[in-house]
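Trainee: What follows is coords-v7.tsv; its format and atoms are TSV, C-alpha atoms and all ligand atoms.
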chain	number	residue	atom	x	y	z
A	5	MET	CA	-22.71	4.49	29.11
A	6	SER	CA	-20.95	6.89	26.79
A	7	THR	CA	-22.37	10.34	26.07
A	8	ASP	CA	-22.70	9.20	22.48
A	9	GLU	CA	-25.47	6.75	23.36
A	10	ARG	CA	-27.50	9.35	25.20
A	11	THR	CA	-27.58	11.77	22.32
A	12	GLU	CA	-30.79	12.38	20.46
A	13	THR	CA	-30.66	11.55	16.76
A	14	THR	CA	-33.03	12.90	14.13
A	15	LEU	CA	-33.53	11.13	10.83
A	16	PRO	CA	-35.43	12.30	7.75
A	17	VAL	CA	-38.49	10.41	6.51
A	18	ARG	CA	-38.83	11.42	2.87
A	19	ASN	CA	-38.80	8.13	0.92
A	20	ASP	CA	-38.79	4.39	1.45
A	21	THR	CA	-34.99	4.26	1.62
A	22	ASP	CA	-35.31	6.52	4.67
A	23	LEU	CA	-37.67	3.94	6.18
A	24	MET	CA	-34.90	1.34	5.95
A	25	ALA	CA	-32.46	3.70	7.66
A	26	VAL	CA	-34.99	4.35	10.44
A	27	ARG	CA	-35.41	0.61	11.05
A	28	GLN	CA	-31.64	0.08	11.13
A	29	GLN	CA	-30.98	2.99	13.50
A	30	VAL	CA	-33.78	1.99	15.87
A	31	ARG	CA	-32.49	-1.59	15.93
A	32	ALA	CA	-28.92	-0.44	16.60
A	33	MET	CA	-29.93	1.91	19.40
A	34	ALA	CA	-32.24	-0.68	21.01
A	35	GLN	CA	-29.35	-3.18	20.93
A	36	ARG	CA	-26.97	-0.70	22.55
A	37	LEU	CA	-29.51	-0.05	25.30
A	38	GLY	CA	-29.64	-3.77	26.04
A	39	PHE	CA	-33.17	-4.52	24.83
A	40	GLY	CA	-33.88	-8.20	24.26
A	41	LEU	CA	-34.57	-9.58	20.79
A	42	VAL	CA	-38.36	-9.57	21.12
A	43	GLN	CA	-38.36	-6.00	22.43
A	44	GLN	CA	-36.04	-4.87	19.63
A	45	THR	CA	-38.33	-6.47	17.09
A	46	LYS	CA	-41.45	-4.86	18.58
A	47	LEU	CA	-39.85	-1.43	18.59
A	48	VAL	CA	-38.44	-1.73	15.07
A	49	THR	CA	-41.82	-2.92	13.78
A	50	ALA	CA	-43.69	-0.06	15.48
A	51	ALA	CA	-41.11	2.37	14.09
A	52	SER	CA	-41.57	0.98	10.59
A	53	GLU	CA	-45.36	1.41	10.82
A	54	LEU	CA	-45.24	4.93	12.22
A	55	ALA	CA	-42.48	6.16	9.92
A	56	ARG	CA	-44.46	4.85	6.96
A	57	ASN	CA	-47.49	6.78	8.23
A	58	THR	CA	-45.33	9.92	8.47
A	59	LEU	CA	-44.32	9.34	4.86
A	60	VAL	CA	-47.60	8.16	3.32
A	61	HIS	CA	-50.23	10.05	5.30
A	62	GLY	CA	-48.17	12.97	6.61
A	63	GLY	CA	-46.36	13.73	3.36
A	64	GLY	CA	-42.94	13.15	4.94
A	65	GLY	CA	-41.22	14.50	8.03
A	66	SER	CA	-38.73	13.19	10.53
A	67	VAL	CA	-38.21	10.81	13.41
A	68	SER	CA	-36.13	11.47	16.47
A	69	LEU	CA	-34.64	8.75	18.64
A	70	GLU	CA	-34.00	9.62	22.25
A	71	PRO	CA	-32.68	7.31	24.96
A	72	THR	CA	-34.29	8.00	28.34
A	73	SER	CA	-34.05	6.59	31.84
A	74	ASP	CA	-36.49	6.80	34.71
A	75	GLY	CA	-34.07	7.14	37.62
A	76	ASP	CA	-34.70	3.55	38.74
A	77	GLY	CA	-32.06	2.28	36.38
A	78	ARG	CA	-34.60	1.43	33.77
A	79	GLU	CA	-33.57	2.33	30.25
A	80	GLY	CA	-36.02	3.40	27.63
A	81	LEU	CA	-36.07	4.57	24.06
A	82	THR	CA	-38.45	7.29	22.96
A	83	LEU	CA	-39.22	7.72	19.28
A	84	ARG	CA	-41.03	10.79	17.95
A	85	PHE	CA	-42.53	10.79	14.45
A	86	VAL	CA	-43.21	14.31	13.24
A	87	ASP	CA	-44.90	15.62	10.13
A	88	GLU	CA	-46.67	18.77	9.01
A	89	GLY	CA	-49.29	17.00	6.97
A	90	PRO	CA	-53.10	17.14	7.13
A	91	GLY	CA	-53.36	15.85	10.72
A	92	ILE	CA	-55.77	13.21	12.00
A	93	PRO	CA	-59.31	14.56	12.46
A	94	ASP	CA	-60.50	11.70	14.69
A	95	VAL	CA	-57.69	9.91	16.54
A	96	GLU	CA	-60.00	7.44	18.25
A	97	LEU	CA	-61.32	6.35	14.89
A	98	ALA	CA	-57.82	6.17	13.38
A	99	LEU	CA	-56.79	3.91	16.28
A	100	ARG	CA	-59.44	1.35	15.42
A	101	ASP	CA	-58.07	-1.93	14.03
A	102	GLY	CA	-58.62	-2.03	10.29
A	103	TYR	CA	-59.44	1.66	9.87
A	104	SER	CA	-57.62	3.18	6.92
A	105	THR	CA	-58.31	6.21	4.76
A	106	ALA	CA	-55.76	5.03	2.21
A	107	GLY	CA	-56.75	1.45	1.42
A	108	GLY	CA	-54.11	0.14	3.83
A	109	LEU	CA	-54.53	-2.67	6.34
A	110	GLY	CA	-55.30	-0.10	9.02
A	111	MET	CA	-53.22	-1.94	11.62
A	112	GLY	CA	-50.26	0.45	11.87
A	113	LEU	CA	-51.47	2.93	14.44
A	114	SER	CA	-53.50	0.53	16.59
A	115	GLY	CA	-50.92	-2.26	16.32
A	116	SER	CA	-47.98	0.01	17.21
A	117	LYS	CA	-49.82	1.11	20.32
A	118	ARG	CA	-49.99	-2.52	21.45
A	119	LEU	CA	-46.27	-3.06	20.80
A	120	VAL	CA	-44.93	-0.34	23.11
A	121	ASN	CA	-45.34	0.86	26.71
A	122	ASP	CA	-46.16	4.53	26.11
A	123	PHE	CA	-48.01	5.88	23.09
A	124	SER	CA	-49.35	9.36	22.42
A	125	VAL	CA	-50.66	11.26	19.43
A	126	ASP	CA	-50.56	15.04	19.13
A	127	THR	CA	-52.40	16.21	16.04
A	128	ALA	CA	-54.68	18.89	14.72
A	129	PRO	CA	-56.32	19.22	11.31
A	130	GLY	CA	-54.03	21.18	9.02
A	131	ARG	CA	-51.24	21.35	11.58
A	132	GLY	CA	-49.57	17.99	11.25
A	133	THR	CA	-49.11	14.97	13.47
A	134	THR	CA	-46.61	13.90	16.10
A	135	VAL	CA	-46.72	10.35	17.40
A	136	SER	CA	-44.48	9.57	20.38
A	137	ILE	CA	-43.73	6.10	21.67
A	138	THR	CA	-41.51	4.73	24.42
A	139	LEU	CA	-40.43	1.20	25.10
A	140	TRP	CA	-38.85	0.50	28.49
A	141	SER	CA	-36.34	-2.22	29.20
A	142	PRO	CA	-37.54	-4.64	31.85
A	143	LEU	CA	-34.17	-4.47	33.61
A	144	ALA	CA	-34.88	-3.00	37.05
A	145	PRO	CA	-35.43	-5.94	39.45
A	146	PHE	CA	-38.41	-4.42	41.29
A	147	GLY	CA	-38.94	-1.65	38.84
A	148	ARG	CA	-42.13	0.31	38.48
A	149	ARG	CA	-43.80	-0.02	35.13
B	18	MET	CA	-34.34	-11.58	-5.07
B	19	PRO	CA	-33.69	-14.97	-6.73
B	20	VAL	CA	-36.59	-17.34	-7.39
B	21	LEU	CA	-35.26	-20.92	-7.55
B	22	ASP	CA	-37.06	-23.62	-9.50
B	23	LEU	CA	-36.83	-26.87	-7.53
B	24	GLY	CA	-38.68	-28.84	-10.18
B	25	GLY	CA	-42.40	-28.16	-9.94
B	26	ILE	CA	-42.05	-25.88	-6.96
B	27	LEU	CA	-40.40	-22.51	-6.46
B	28	LEU	CA	-38.20	-21.41	-3.58
B	29	VAL	CA	-37.90	-17.74	-2.70
B	30	SER	CA	-35.54	-16.76	0.11
B	31	ILE	CA	-36.13	-13.23	1.31
B	32	GLN	CA	-32.92	-11.80	2.67
B	33	GLY	CA	-32.09	-8.87	4.90
B	34	GLU	CA	-33.55	-5.41	4.65
B	35	LEU	CA	-36.27	-5.08	2.07
B	36	ALA	CA	-37.25	-1.72	0.62
B	37	ASP	CA	-40.95	-1.29	-0.15
B	38	ASN	CA	-40.45	-1.28	-3.91
B	39	ALA	CA	-38.26	-4.41	-3.67
B	40	ALA	CA	-41.11	-6.17	-1.86
B	41	VAL	CA	-43.55	-5.19	-4.57
B	42	ASP	CA	-41.09	-6.32	-7.28
B	43	LEU	CA	-40.75	-9.62	-5.46
B	44	ALA	CA	-44.49	-10.20	-5.58
B	45	THR	CA	-44.49	-9.55	-9.33
B	46	ASP	CA	-41.45	-11.78	-9.94
B	47	VAL	CA	-42.89	-14.68	-7.97
B	48	THR	CA	-46.27	-14.48	-9.65
B	49	THR	CA	-44.65	-14.33	-13.08
B	50	ALA	CA	-42.42	-17.29	-12.24
B	51	VAL	CA	-45.42	-19.36	-11.09
B	52	SER	CA	-47.06	-18.70	-14.41
B	53	THR	CA	-44.03	-19.39	-16.63
B	54	THR	CA	-42.88	-22.54	-14.78
B	55	GLY	CA	-46.35	-23.90	-14.01
B	56	ALA	CA	-45.20	-24.51	-10.46
B	57	ARG	CA	-47.68	-26.12	-8.04
B	58	GLY	CA	-46.08	-24.62	-4.98
B	59	VAL	CA	-44.15	-21.57	-3.84
B	60	ILE	CA	-42.04	-21.81	-0.71
B	61	ILE	CA	-41.29	-18.44	0.80
B	62	ASP	CA	-38.38	-18.63	3.24
B	63	ILE	CA	-38.33	-15.63	5.57
B	64	SER	CA	-35.72	-16.91	8.04
B	65	GLY	CA	-33.52	-14.02	6.85
B	66	LEU	CA	-36.05	-11.37	7.93
B	67	ASP	CA	-35.68	-9.72	11.34
B	68	MET	CA	-38.93	-7.79	10.99
B	69	VAL	CA	-42.26	-8.07	9.20
B	70	ASP	CA	-44.53	-5.02	9.31
B	71	SER	CA	-48.05	-4.64	7.93
B	72	PHE	CA	-46.74	-3.56	4.53
B	73	LEU	CA	-44.64	-6.68	4.09
B	74	ALA	CA	-47.34	-8.89	5.62
B	75	ARG	CA	-49.71	-7.57	3.01
B	76	VAL	CA	-47.23	-8.28	0.20
B	77	LEU	CA	-46.81	-11.86	1.46
B	78	ALA	CA	-50.57	-12.34	1.65
B	79	GLU	CA	-50.95	-10.96	-1.87
B	80	VAL	CA	-48.28	-13.31	-3.24
B	81	ALA	CA	-50.21	-16.21	-1.70
B	82	ALA	CA	-53.49	-14.95	-3.12
B	83	SER	CA	-52.21	-14.52	-6.66
B	84	ALA	CA	-50.38	-17.86	-6.53
B	85	ARG	CA	-53.67	-19.50	-5.58
B	86	LEU	CA	-55.44	-17.91	-8.52
B	87	LEU	CA	-52.76	-19.53	-10.70
B	88	ALA	CA	-53.45	-22.91	-9.04
B	89	ALA	CA	-50.29	-22.86	-6.95
B	90	GLN	CA	-50.03	-22.87	-3.19
B	91	ALA	CA	-47.70	-20.60	-1.22
B	92	VAL	CA	-46.12	-21.92	1.98
B	93	LEU	CA	-44.33	-19.65	4.43
B	94	VAL	CA	-41.25	-21.06	6.15
B	95	GLY	CA	-38.73	-19.93	8.74
B	96	MET	CA	-40.41	-17.08	10.57
B	97	ARG	CA	-38.31	-16.14	13.59
B	98	PRO	CA	-40.07	-16.45	16.96
B	99	SER	CA	-39.55	-12.75	17.72
B	100	VAL	CA	-41.23	-11.86	14.41
B	101	ALA	CA	-44.17	-14.20	15.11
B	102	ILE	CA	-44.74	-12.70	18.57
B	103	THR	CA	-44.62	-9.18	17.16
B	104	LEU	CA	-46.93	-9.90	14.23
B	105	VAL	CA	-49.59	-11.41	16.47
B	106	GLU	CA	-49.46	-8.44	18.82
B	107	LEU	CA	-49.62	-6.09	15.86
B	108	GLY	CA	-52.85	-7.88	14.98
B	109	LEU	CA	-51.71	-9.76	11.88
B	110	THR	CA	-51.93	-13.53	11.98
B	111	LEU	CA	-51.76	-14.06	8.20
B	112	PRO	CA	-54.70	-16.52	8.17
B	113	GLY	CA	-54.49	-17.07	4.41
B	114	LEU	CA	-50.90	-18.30	4.50
B	115	GLU	CA	-49.92	-21.93	4.90
B	116	THR	CA	-46.82	-22.52	7.02
B	117	SER	CA	-44.25	-25.28	7.39
B	118	ARG	CA	-41.35	-25.77	9.78
B	119	THR	CA	-38.64	-26.19	7.19
B	120	VAL	CA	-38.09	-25.85	3.47
B	121	ALA	CA	-37.80	-29.65	3.25
B	122	GLU	CA	-41.12	-30.13	5.02
B	123	ALA	CA	-42.79	-27.59	2.75
B	124	ALA	CA	-41.33	-29.25	-0.35
B	125	SER	CA	-42.56	-32.68	0.76
B	126	ARG	CA	-46.13	-31.31	0.74
B	127	PHE	CA	-45.73	-31.17	-3.01
B	128	GLY	CA	-44.02	-34.54	-3.28
B	129	VAL	CA	-40.57	-33.01	-3.72
B	130	GLU	CA	-37.84	-34.46	-1.50
B	131	ILE	CA	-34.94	-32.20	-0.67
B	132	ARG	CA	-32.28	-32.77	1.92
B	133	GLU	CA	-31.89	-30.06	4.50
B	134	ASP	CA	-28.39	-28.73	4.78
B	135	PRO	CA	-27.05	-28.62	8.34
B	136	GLU	CA	-26.54	-24.85	8.28
B	137	ARG	CA	-30.14	-24.15	7.50
B	138	ARG	CA	-31.17	-26.49	10.26
B	139	ALA	CA	-28.85	-24.70	12.69
B	140	ALA	CA	-30.32	-21.37	11.61
B	141	ARG	CA	-33.70	-22.44	12.99
B	142	GLY	CA	-32.20	-22.04	16.42
B	143	THR	CA	-34.39	-23.37	19.20
B	144	ASP	CA	-36.80	-25.35	17.01
B	145	ARG	CA	-36.91	-29.02	17.85
B	146	THR	CA	-35.79	-31.57	15.29
B	147	PRO	CA	-38.84	-32.92	13.50
B	148	THR	CA	-39.48	-36.56	14.33
A	201	LIG	N1	-49.10	10.87	10.24
A	201	LIG	C1	-50.39	10.84	9.85
A	201	LIG	N2	-50.97	11.92	9.24
A	201	LIG	C2	-52.27	11.88	8.85
A	201	LIG	N3	-53.07	10.82	9.02
A	201	LIG	C3	-52.56	9.72	9.61
A	201	LIG	C4	-51.21	9.66	10.06
A	201	LIG	N4	-50.98	8.46	10.62
A	201	LIG	C5	-52.15	7.78	10.52
A	201	LIG	N5	-53.10	8.53	9.91
A	201	LIG	C6	-54.50	8.15	9.65
A	201	LIG	O1	-54.82	7.02	10.44
A	201	LIG	C7	-55.25	5.93	9.61
A	201	LIG	C8	-54.84	4.61	10.22
A	201	LIG	O2	-53.42	4.46	10.18
A	201	LIG	P1	-52.82	2.99	10.14
A	201	LIG	O3	-53.41	2.23	11.27
A	201	LIG	O4	-51.34	3.07	10.10
A	201	LIG	O5	-53.42	2.39	8.80
A	201	LIG	P2	-52.94	2.54	7.27
A	201	LIG	O6	-51.61	3.24	7.27
A	201	LIG	O7	-52.86	1.14	6.77
A	201	LIG	O8	-53.98	3.36	6.57
A	201	LIG	C9	-54.64	6.22	8.25
A	201	LIG	O9	-55.35	5.62	7.20
A	201	LIG	C10	-54.74	7.76	8.21
A	201	LIG	O10	-56.03	8.17	7.87
A	202	MG	MG	-50.00	2.77	8.46
Could the structure of this file be written out as structure tokens, please?
Mentor:
Amino acid sequence: MSTDERTETTLPVRNDTDLMAVRQQVRAMAQRLGFGLVQQTKLVTAASELARNTLVHGGGGSVSLEPTSDGDGREGLTLRFVDEGPGIPDVELALRDGYSTAGGLGMGLSGSKRLVNDFSVDTAPGRGTTVSITLWSPLAPFGRR
Amino acid sequence: MPVLDLGGILLVSIQGELADNAAVDLATDVTTAVSTTGARGVIIDISGLDMVDSFLARVLAEVAASARLLAAQAVLVGMRPSVAITLVELGLTLPGLETSRTVAEAASRFGVEIREDPERRAARGTDRTPT
């Protein structure tokens, strides 16, 4: 693996053209890391949902893409969606299927959580929101999950 | 995004990366075309899409809903298996959308016979040949 592939990349999320770039970059990096087609699609879809939240609810921000590995030869990709918007006052409520404060479908946050292996939200009212997700490749033969 | 008139039904093939505003434009274009052509059906071919998120799913559902109000039926065709798996896990099963295996099968619902070109058939990958 070249050093290039291990480098963290940060992309802006300021408009819907940026959302397209995020999807393309996530797809490309997931392909390079050897993720299968279904895994790529899950990660790209989660990224599209969360980047749109950064844009629409968070007022814009950025996403960083960071390849990781767990020492057992398992490759992962961590995505971090960061904004300095209003924050989420009640994360548990926001994670409920169908809950939206913006007339959306309310499936982005809860659905993304189902699509990935690791999911965490760091938010405080008035201090912005960071959502981090990781999808692991199923490569290691007897790998831990 | 071209909207083809196949004689009483419309065919829309969504290709590649779609920006949000392009998706919204598409919904407007399709609805307008249904009205001006008096089409009974709208076939939406999404075999060119490698991802459908909740925004796009909503646009598709809205196209189907406005087509229905204009007495036309929308039929979704060509969803890739990886997209179907992901959509279901996301929690979106698009219950209001009719689906068909191929454009030809969708067209035949409206009494329109079209021959499937071999390339399109190949593009369906692992799908079995309809009997
Ligand atoms: N980055 C964010 N900043 C502030 N609020 C957010 C953010 N992401 C999600 N939310 C809140 O969580 C709710 C649920 O998000 P989601 O499931 O994606 O639904 P939708 O985007 O359709 O409203 C949003 O309506 C919003 O209130
Ligand atoms: Mg959302």
Trainee: Would you mind listing, for every residue of chain B within 12 Å of chain A, the two atoms forming the shortest contact and the distance between them in Å to one decimal, using only C-alpha atoms, sorted by chain and ascending residue number, as a Markdown table?
Mentor:
| residue | atom | partner | partner_atom | distance |
| --- | --- | --- | --- | --- |
| B:Gly33 | CA | A:Met24 | CA | 10.6 |
| B:Glu34 | CA | A:Met24 | CA | 7.0 |
| B:Leu35 | CA | A:Met24 | CA | 7.6 |
| B:Ala36 | CA | A:Asp20 | CA | 6.4 |
| B:Asp37 | CA | A:Asp20 | CA | 6.3 |
| B:Asn38 | CA | A:Asp20 | CA | 8.0 |
| B:Ala39 | CA | A:Asp20 | CA | 10.2 |
| B:Ala40 | CA | A:Asp20 | CA | 11.3 |
| B:Leu66 | CA | A:Thr45 | CA | 10.6 |
| B:Asp67 | CA | A:Thr45 | CA | 7.1 |
| B:Met68 | CA | A:Thr45 | CA | 6.3 |
| B:Val69 | CA | A:Thr49 | CA | 6.9 |
| B:Asp70 | CA | A:Thr49 | CA | 5.6 |
| B:Ser71 | CA | A:Gly112 | CA | 6.8 |
| B:Phe72 | CA | A:Leu109 | CA | 8.0 |
| B:Leu73 | CA | A:Ser52 | CA | 10.5 |
| B:Ala74 | CA | A:Leu109 | CA | 9.5 |
| B:Arg75 | CA | A:Leu109 | CA | 7.6 |
| B:Val76 | CA | A:Leu109 | CA | 11.1 |
| B:Ala78 | CA | A:Leu109 | CA | 11.5 |
| B:Arg97 | CA | A:Val42 | CA | 10.0 |
| B:Pro98 | CA | A:Val42 | CA | 8.2 |
| B:Ser99 | CA | A:Val42 | CA | 4.8 |
| B:Val100 | CA | A:Thr45 | CA | 6.7 |
| B:Ala101 | CA | A:Val42 | CA | 9.6 |
| B:Ile102 | CA | A:Val42 | CA | 7.6 |
| B:Thr103 | CA | A:Lys46 | CA | 5.5 |
| B:Leu104 | CA | A:Lys46 | CA | 8.6 |
| B:Val105 | CA | A:Gly115 | CA | 9.2 |
| B:Glu106 | CA | A:Arg118 | CA | 6.5 |
| B:Leu107 | CA | A:Gly115 | CA | 4.1 |
| B:Gly108 | CA | A:Gly115 | CA | 6.1 |
| B:Leu109 | CA | A:Met111 | CA | 8.0 |
| B:Thr110 | CA | A:Met111 | CA | 11.7 |
| B:Leu111 | CA | A:Leu109 | CA | 11.9 |
Trainee: Anything within 9 Å of (-33.5, -12.8, -6.5): list those residues as a PyMOL selection string, counting all atoms listed in the file and sticking to the file's coordinates.
Mentor: chain B and resi 18-21+29-31+43+46
Trainee: Give the answer as one residue: which of A:Ser73, A:Gln29, A:Thr127, A:Thr58 has the shortest atom-to-atom distance to Leu139 (chain A), using only C-alpha atoms?
Mentor: A:Ser73
Trainee: Select all residues near (-48.3, -15.0, -9.1) (cut-off 7 Å, inclusive, file coordinates), counting all atoms listed in the file, and output them as a list in words.
Mentor: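 Those within range, by chain then number, are Thr45, Val47, Thr48, Thr49, Val51, Ser52, Val80, Ser83, Ala84 and Leu87 of chain B.
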Trainee: Have a look at A:Pro16, A:Gly64, A:Gly75, A:Gly38 and name the one nearest to Gly89 (chain A); count only C-alpha atoms.
Mentor: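 Looking only at the distances to Gly89 (chain A), the closest residue turns out to be A:Gly64.
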Trainee: CA of Glu79 (chain A) and CA of Ala34 (chain A) are how many Å apart?
Mentor: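 If I compute the distance from CA of Glu79 (chain A) to CA of Ala34 (chain A), I get 9.8 Å.
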Trainee: From the list A:Val135, A:Leu81, A:Val67, A:Val120, which residue is nearest ligand LIG 201 (chain A) when using only C-alpha atoms and all ligand atoms?
Mentor: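 Between A:Val135, A:Leu81, A:Val67, A:Val120, the residue approaching ligand LIG 201 (chain A) most closely is A:Val135.
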Trainee: Between CA of Asp62 (chain B) and CA of Thr119 (chain B), what is the spacing in Å?
Mentor: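 So the answer is 8.5 Å.
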Trainee: What is the distance, in Å and to one decimal place, between CA of Val30 (chain A) and atom O6 of ligand LIG 201 (chain A)?
Mentor: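 Atom-to-atom, CA of Val30 (chain A) to atom O6 of ligand LIG 201 (chain A), that is 19.8 Å.
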Trainee: First collect every listed atom of ligand LIG 201 (chain A); then fit an axis-aligned box around them, widen it by 3 Å on each side, and give centre and edge lengths in Å to one decimal, as JSON.
Mentor:
{"center_x": -52.6, "center_y": 6.5, "center_z": 8.9, "size_x": 12.9, "size_y": 16.8, "size_z": 10.7}
